[in-house]
Amino acid sequence: MKKALITGANKGIGFETAKYLLQQGHYVYLGCRNPALGAAAVAQLQTAGLTACECITLDVTDAASVEQAVIALKDKTTVLDVLINNAGILGQMPAPEGEAGIINAQQVFNTNYFGVIRVTSALLPLLQQAAQPRIVNVSSETASLTLHQQPAWEYYGFKDAAYVPSKTALNFYTIALAFQLKDTAFKVNSVCPGFTATDLNNHTGVNKASDSAKIIAHYAMLEADGPSGQFFNAAGSIPW
Ligand SMILES: NC(=O)c1ccc[n+]([C@@H]2O[C@H](COP(=O)([O-])OP(=O)(O)OC[C@H]3O[C@@H](n4cnc5c(N)ncnc54)[C@H](OP(=O)(O)O)[C@@H]3O)[C@@H](O)[C@H]2O)c1
């Protein structure tokens, strides 16, 4: 049974991805910063008959929390097949002016960029024990520098100084990590779930989280000939 860890799995796209991977026969560790919310999410899955899951307390912005999570995980398993870096925040929209705007951007980067590096680095030794390790960095199409040059693109006006650049930075981490691991069996990709109705956007998104989860899960279950170091959405490859 393949083992997966998903950060920010107590709700939204992370929760639905956990559900979908469980349905595909994975064992899923739900990384959740709030243990009570994590326990409630696990209880919901188990009530639905999806019992191969448990919560790991994990705040991606807290080095001690990530260290404890890895210790807890190593007590349970010697191998991790899949890491989905899903935890993310939008930050304040519109961003405040001045120093408050900088603090907002720092908080967003702490979760969406530095949190991913922290968690991934800490889990690489367990992932390296897997025959076909897969890492999915949950990104956003709005992070595409190329598409931001195209006035006809639907998200052309969505230009901020926190969320969007945090995902652009995350995309380069995908490129860098995939390059570092290019001579191994790892597949590392950035994947955009699409504009999805979740708490992140007060449910203004148009896609259902259960559908978006399938896009993320597809790249978590890539075959050996699958791509690495690339950026995808539901329609396929997206330009950086
Ligand atoms: N929804 C969209 O339209 C959309 C589009 C493109 C990309 N995305 C990306 O998809 C991912 C999931 O977003 P979502 O829409 O499902 O949002 P969501 O419903 O707000 O869920 C976000 C999850 O991340 C967790 N989280 C936030 N900060 C964390 C931290 N420091 N440590 C651990 N977990 C943390 C949250 O935990 P708490 O419950 O404790 O807050 C929650 O479980 C994000 O990376 C987002 O940027 C979403």
# chains A, B, ... in the order shown; residues from 1 in each chain; ligands from 1
>>> residues_around(residues="Ser190 of chain A", least_positions_apart="6", cutoff="7 Å", atoms="only C-alpha atoms", output="list in words")
Val136, Asn137, Val138, Ser139, Asn171, Thr174, Gln230, Phe231 and Phe232 of chain A
>>> write_last_selection(atoms="all heavy atoms", output="short mmCIF file (atom, residue, chain, number, x, y, z; two decimals), in the first residue's frame")
data_model
loop_
_atom_site.label_atom_id
_atom_site.label_comp_id
_atom_site.auth_asym_id
_atom_site.auth_seq_id
_atom_site.Cartn_x
_atom_site.Cartn_y
_atom_site.Cartn_z
N VAL A 136 4.00 16.64 -5.27
CA VAL A 136 3.14 17.60 -5.96
C VAL A 136 3.14 18.89 -5.14
O VAL A 136 2.78 18.88 -3.96
CB VAL A 136 1.70 17.08 -6.12
CG1 VAL A 136 0.83 18.13 -6.79
CG2 VAL A 136 1.68 15.77 -6.91
N ASN A 137 3.54 19.97 -5.77
CA ASN A 137 3.44 21.29 -5.16
C ASN A 137 2.17 21.95 -5.70
O ASN A 137 2.06 22.21 -6.90
CB ASN A 137 4.67 22.13 -5.49
CG ASN A 137 5.93 21.57 -4.81
OD1 ASN A 137 5.84 20.99 -3.72
ND2 ASN A 137 7.07 21.73 -5.44
N VAL A 138 1.22 22.18 -4.80
CA VAL A 138 -0.06 22.75 -5.24
C VAL A 138 0.15 24.25 -5.49
O VAL A 138 0.39 25.02 -4.56
CB VAL A 138 -1.18 22.47 -4.23
CG1 VAL A 138 -2.49 23.08 -4.74
CG2 VAL A 138 -1.33 20.97 -4.01
N SER A 139 0.08 24.60 -6.76
CA SER A 139 0.39 25.95 -7.20
C SER A 139 -0.88 26.61 -7.75
O SER A 139 -2.00 26.18 -7.46
CB SER A 139 1.51 25.89 -8.25
OG SER A 139 1.91 27.19 -8.61
N ASN A 171 6.92 27.68 -7.83
CA ASN A 171 7.15 27.04 -9.12
C ASN A 171 8.64 26.89 -9.40
O ASN A 171 9.08 25.87 -9.94
CB ASN A 171 6.48 27.83 -10.25
CG ASN A 171 4.99 27.59 -10.32
OD1 ASN A 171 4.48 26.68 -9.67
ND2 ASN A 171 4.30 28.40 -11.09
N THR A 174 9.94 24.00 -7.58
CA THR A 174 9.64 22.76 -8.32
C THR A 174 10.73 22.49 -9.35
O THR A 174 11.24 21.36 -9.46
CB THR A 174 8.26 22.87 -9.01
OG1 THR A 174 7.25 22.99 -8.01
CG2 THR A 174 7.98 21.67 -9.89
N GLN A 230 7.60 20.13 -14.20
CA GLN A 230 6.69 20.87 -15.07
C GLN A 230 5.50 21.42 -14.29
O GLN A 230 5.35 21.17 -13.09
CB GLN A 230 6.25 19.97 -16.22
CG GLN A 230 7.45 19.59 -17.10
CD GLN A 230 7.05 18.80 -18.33
OE1 GLN A 230 6.03 19.07 -18.95
NE2 GLN A 230 7.86 17.82 -18.69
N PHE A 231 4.65 22.16 -15.01
CA PHE A 231 3.55 22.92 -14.40
C PHE A 231 2.27 22.59 -15.16
O PHE A 231 2.23 22.73 -16.39
CB PHE A 231 3.91 24.41 -14.54
CG PHE A 231 3.00 25.40 -13.87
CD1 PHE A 231 2.11 25.05 -12.86
CD2 PHE A 231 3.07 26.76 -14.24
CE1 PHE A 231 1.31 26.00 -12.24
CE2 PHE A 231 2.27 27.71 -13.63
CZ PHE A 231 1.38 27.33 -12.64
N PHE A 232 1.26 22.12 -14.42
CA PHE A 232 0.05 21.61 -15.08
C PHE A 232 -1.21 22.18 -14.44
O PHE A 232 -1.23 22.51 -13.25
CB PHE A 232 -0.03 20.09 -14.94
CG PHE A 232 1.11 19.36 -15.59
CD1 PHE A 232 2.19 18.93 -14.81
CD2 PHE A 232 1.13 19.10 -16.94
CE1 PHE A 232 3.25 18.26 -15.40
CE2 PHE A 232 2.19 18.44 -17.55
CZ PHE A 232 3.25 18.02 -16.77
#
>>> residues_near_ligand(ligand="ligand 1", cutoff="7 Å", atoms="only C-alpha atoms and all ligand atoms", output="PyMOL selection string")
chain A and resi 7-14+31-34+58-61+86-90+111-112+138-141+192-201+205
>>> select_by_dssp(residues="segment 52-221 of chain A", states="strand (DSSP E or B)", output="list of chain:residue names")
A:Cys53, A:Glu54, A:Cys55, A:Ile56, A:Thr57, A:Val82, A:Leu83, A:Ile84, A:Asn85, A:Arg134, A:Ile135, A:Val136, A:Asn137, A:Val138, A:Lys187, A:Val188, A:Asn189, A:Ser190, A:Val191, A:Thr196, A:Asn207
>>> write_last_selection(atoms="N, CA and C atoms", output="short mmCIF file (atom, residue, chain, number, x, y, z; two decimals), in the first residue's frame")
data_model
loop_
_atom_site.label_atom_id
_atom_site.label_comp_id
_atom_site.auth_asym_id
_atom_site.auth_seq_id
_atom_site.Cartn_x
_atom_site.Cartn_y
_atom_site.Cartn_z
N CYS A 53 -6.19 5.90 7.27
CA CYS A 53 -5.70 7.27 7.39
C CYS A 53 -5.54 7.65 8.85
N GLU A 54 -4.69 8.63 9.08
CA GLU A 54 -4.53 9.19 10.42
C GLU A 54 -3.99 10.61 10.29
N CYS A 55 -4.13 11.34 11.38
CA CYS A 55 -3.68 12.74 11.39
C CYS A 55 -2.25 12.82 11.91
N ILE A 56 -1.45 13.67 11.29
CA ILE A 56 -0.12 14.03 11.81
C ILE A 56 -0.18 15.53 12.06
N THR A 57 0.09 15.95 13.27
CA THR A 57 0.06 17.39 13.56
C THR A 57 1.25 18.05 12.88
N VAL A 82 4.44 9.48 -1.42
CA VAL A 82 3.86 10.70 -2.00
C VAL A 82 3.86 11.82 -0.97
N LEU A 83 4.31 12.99 -1.41
CA LEU A 83 4.15 14.21 -0.59
C LEU A 83 3.38 15.22 -1.43
N ILE A 84 2.28 15.69 -0.87
CA ILE A 84 1.51 16.75 -1.54
C ILE A 84 1.58 18.00 -0.67
N ASN A 85 2.31 18.99 -1.18
CA ASN A 85 2.45 20.27 -0.48
C ASN A 85 1.25 21.13 -0.86
N ARG A 134 6.83 10.61 -5.43
CA ARG A 134 6.12 11.67 -6.15
C ARG A 134 5.92 12.87 -5.22
N ILE A 135 6.24 14.06 -5.72
CA ILE A 135 5.99 15.29 -4.96
C ILE A 135 5.11 16.19 -5.83
N VAL A 136 4.00 16.64 -5.27
CA VAL A 136 3.14 17.60 -5.96
C VAL A 136 3.14 18.89 -5.14
N ASN A 137 3.54 19.97 -5.77
CA ASN A 137 3.44 21.29 -5.16
C ASN A 137 2.17 21.95 -5.70
N VAL A 138 1.22 22.18 -4.80
CA VAL A 138 -0.06 22.75 -5.24
C VAL A 138 0.15 24.25 -5.49
N LYS A 187 9.41 12.16 -9.27
CA LYS A 187 8.69 13.08 -10.15
C LYS A 187 8.21 14.23 -9.27
N VAL A 188 8.59 15.44 -9.67
CA VAL A 188 8.25 16.64 -8.88
C VAL A 188 7.56 17.62 -9.82
N ASN A 189 6.31 17.98 -9.53
CA ASN A 189 5.60 18.90 -10.42
C ASN A 189 4.78 19.93 -9.63
N SER A 190 4.56 21.07 -10.27
CA SER A 190 3.62 22.07 -9.79
C SER A 190 2.28 21.81 -10.47
N VAL A 191 1.20 21.82 -9.66
CA VAL A 191 -0.11 21.55 -10.24
C VAL A 191 -1.12 22.57 -9.72
N THR A 196 -11.42 26.97 -7.36
CA THR A 196 -12.21 25.96 -6.65
C THR A 196 -12.92 26.58 -5.45
N ASN A 207 -15.06 25.54 -9.39
CA ASN A 207 -14.91 24.07 -9.43
C ASN A 207 -15.20 23.46 -8.07
#
>>> select_by_dssp(residues="segment 118-150 of chain A", states="alpha helix (DSSP H)", output="PDB file with all heavy atoms, in the first residue's frame")
ATOM      1  N   ARG A 118      10.607  23.700   3.779  1.00  0.00           N
ATOM      2  CA  ARG A 118      10.850  23.104   5.106  1.00  0.00           C
ATOM      3  C   ARG A 118      10.326  21.664   5.159  1.00  0.00           C
ATOM      4  O   ARG A 118      11.043  20.743   5.553  1.00  0.00           O
ATOM      5  CB  ARG A 118      10.181  23.964   6.186  1.00  0.00           C
ATOM      6  CG  ARG A 118      10.308  23.414   7.585  1.00  0.00           C
ATOM      7  CD  ARG A 118       9.649  24.319   8.603  1.00  0.00           C
ATOM      8  NE  ARG A 118      10.343  25.599   8.716  1.00  0.00           N
ATOM      9  CZ  ARG A 118       9.834  26.780   8.355  1.00  0.00           C
ATOM     10  NH1 ARG A 118       8.601  26.856   7.897  1.00  0.00           N
ATOM     11  NH2 ARG A 118      10.535  27.879   8.487  1.00  0.00           N
ATOM     12  N   VAL A 119       9.078  21.477   4.745  1.00  0.00           N
ATOM     13  CA  VAL A 119       8.444  20.148   4.826  1.00  0.00           C
ATOM     14  C   VAL A 119       9.134  19.170   3.871  1.00  0.00           C
ATOM     15  O   VAL A 119       9.444  18.030   4.230  1.00  0.00           O
ATOM     16  CB  VAL A 119       6.934  20.261   4.508  1.00  0.00           C
ATOM     17  CG1 VAL A 119       6.301  18.886   4.343  1.00  0.00           C
ATOM     18  CG2 VAL A 119       6.224  21.048   5.600  1.00  0.00           C
ATOM     19  N   THR A 120       9.397  19.634   2.655  1.00  0.00           N
ATOM     20  CA  THR A 120       9.986  18.738   1.647  1.00  0.00           C
ATOM     21  C   THR A 120      11.389  18.289   2.078  1.00  0.00           C
ATOM     22  O   THR A 120      11.712  17.097   1.996  1.00  0.00           O
ATOM     23  CB  THR A 120      10.056  19.446   0.278  1.00  0.00           C
ATOM     24  OG1 THR A 120       8.757  19.928  -0.047  1.00  0.00           O
ATOM     25  CG2 THR A 120      10.531  18.507  -0.811  1.00  0.00           C
ATOM     26  N   SER A 121      12.195  19.238   2.540  1.00  0.00           N
ATOM     27  CA  SER A 121      13.563  18.890   2.967  1.00  0.00           C
ATOM     28  C   SER A 121      13.518  17.876   4.100  1.00  0.00           C
ATOM     29  O   SER A 121      14.299  16.924   4.123  1.00  0.00           O
ATOM     30  CB  SER A 121      14.314  20.137   3.437  1.00  0.00           C
ATOM     31  OG  SER A 121      14.268  21.124   2.449  1.00  0.00           O
ATOM     32  N   ALA A 122      12.587  18.086   5.031  1.00  0.00           N
ATOM     33  CA  ALA A 122      12.503  17.203   6.199  1.00  0.00           C
ATOM     34  C   ALA A 122      12.036  15.797   5.819  1.00  0.00           C
ATOM     35  O   ALA A 122      12.402  14.814   6.473  1.00  0.00           O
ATOM     36  CB  ALA A 122      11.557  17.805   7.232  1.00  0.00           C
ATOM     37  N   LEU A 123      11.239  15.702   4.748  1.00  0.00           N
ATOM     38  CA  LEU A 123      10.671  14.398   4.376  1.00  0.00           C
ATOM     39  C   LEU A 123      11.447  13.690   3.262  1.00  0.00           C
ATOM     40  O   LEU A 123      11.142  12.526   2.952  1.00  0.00           O
ATOM     41  CB  LEU A 123       9.200  14.568   3.974  1.00  0.00           C
ATOM     42  CG  LEU A 123       8.268  14.888   5.151  1.00  0.00           C
ATOM     43  CD1 LEU A 123       6.860  15.180   4.665  1.00  0.00           C
ATOM     44  CD2 LEU A 123       8.241  13.714   6.144  1.00  0.00           C
ATOM     45  N   LEU A 124      12.439  14.361   2.687  1.00  0.00           N
ATOM     46  CA  LEU A 124      13.171  13.728   1.573  1.00  0.00           C
ATOM     47  C   LEU A 124      13.760  12.365   1.953  1.00  0.00           C
ATOM     48  O   LEU A 124      13.674  11.419   1.162  1.00  0.00           O
ATOM     49  CB  LEU A 124      14.275  14.654   1.055  1.00  0.00           C
ATOM     50  CG  LEU A 124      13.944  15.534  -0.143  1.00  0.00           C
ATOM     51  CD1 LEU A 124      15.188  16.270  -0.632  1.00  0.00           C
ATOM     52  CD2 LEU A 124      13.325  14.747  -1.298  1.00  0.00           C
ATOM     53  N   PRO A 125      14.352  12.219   3.162  1.00  0.00           N
ATOM     54  CA  PRO A 125      14.919  10.899   3.492  1.00  0.00           C
ATOM     55  C   PRO A 125      13.876   9.771   3.448  1.00  0.00           C
ATOM     56  O   PRO A 125      14.171   8.676   2.963  1.00  0.00           O
ATOM     57  CB  PRO A 125      15.469  11.101   4.914  1.00  0.00           C
ATOM     58  CG  PRO A 125      15.791  12.564   4.981  1.00  0.00           C
ATOM     59  CD  PRO A 125      14.701  13.231   4.177  1.00  0.00           C
ATOM     60  N   LEU A 126      12.654  10.048   3.907  1.00  0.00           N
ATOM     61  CA  LEU A 126      11.601   9.011   3.849  1.00  0.00           C
ATOM     62  C   LEU A 126      11.146   8.780   2.414  1.00  0.00           C
ATOM     63  O   LEU A 126      10.879   7.645   2.005  1.00  0.00           O
ATOM     64  CB  LEU A 126      10.393   9.423   4.698  1.00  0.00           C
ATOM     65  CG  LEU A 126      10.437   9.113   6.195  1.00  0.00           C
ATOM     66  CD1 LEU A 126       9.169   9.633   6.876  1.00  0.00           C
ATOM     67  CD2 LEU A 126      10.590   7.619   6.454  1.00  0.00           C
ATOM     68  N   LEU A 127      11.052   9.869   1.635  1.00  0.00           N
ATOM     69  CA  LEU A 127      10.650   9.738   0.228  1.00  0.00           C
ATOM     70  C   LEU A 127      11.697   8.953  -0.568  1.00  0.00           C
ATOM     71  O   LEU A 127      11.352   8.181  -1.477  1.00  0.00           O
ATOM     72  CB  LEU A 127      10.451  11.127  -0.389  1.00  0.00           C
ATOM     73  CG  LEU A 127       9.196  11.882   0.075  1.00  0.00           C
ATOM     74  CD1 LEU A 127       9.346  13.388  -0.147  1.00  0.00           C
ATOM     75  CD2 LEU A 127       7.950  11.368  -0.652  1.00  0.00           C
TER      76      LEU A 127
END
>>> residues_around(residues="Ala105 of chain A", least_positions_apart="3", cutoff="10 Å", atoms="only C-alpha atoms", output="CSV table (one decimal) with C-alpha atoms, in the first residue's frame")
chain,number,residue,atom,x,y,z
A,90,LEU,CA,-4.3,33.7,0.3
A,91,GLY,CA,-3.3,36.5,2.7
A,92,GLN,CA,-5.2,39.8,2.8
A,95,ALA,CA,-3.2,43.8,0.6
A,96,PRO,CA,-2.7,46.6,3.1
A,99,GLU,CA,4.8,47.9,6.3
A,100,ALA,CA,1.5,46.0,6.9
A,101,GLY,CA,1.6,44.9,3.3
A,102,ILE,CA,5.2,43.6,3.7
A,108,VAL,CA,2.1,34.3,2.8
A,109,PHE,CA,5.6,33.4,1.7
A,110,ASN,CA,6.2,31.7,5.1
A,160,ASP,CA,-0.7,41.1,-6.2
A,161,ALA,CA,2.5,41.3,-4.3
A,162,ALA,CA,2.0,38.3,-1.9
A,163,TYR,CA,-0.1,35.3,-3.0
A,165,PRO,CA,4.6,35.7,-6.3
A,166,SER,CA,4.6,33.2,-3.5
>>> atom_distance(atom1="atom CA of Ala235 of chain A", atom2="atom CA of Leu50 of chain A")
29.3 Å
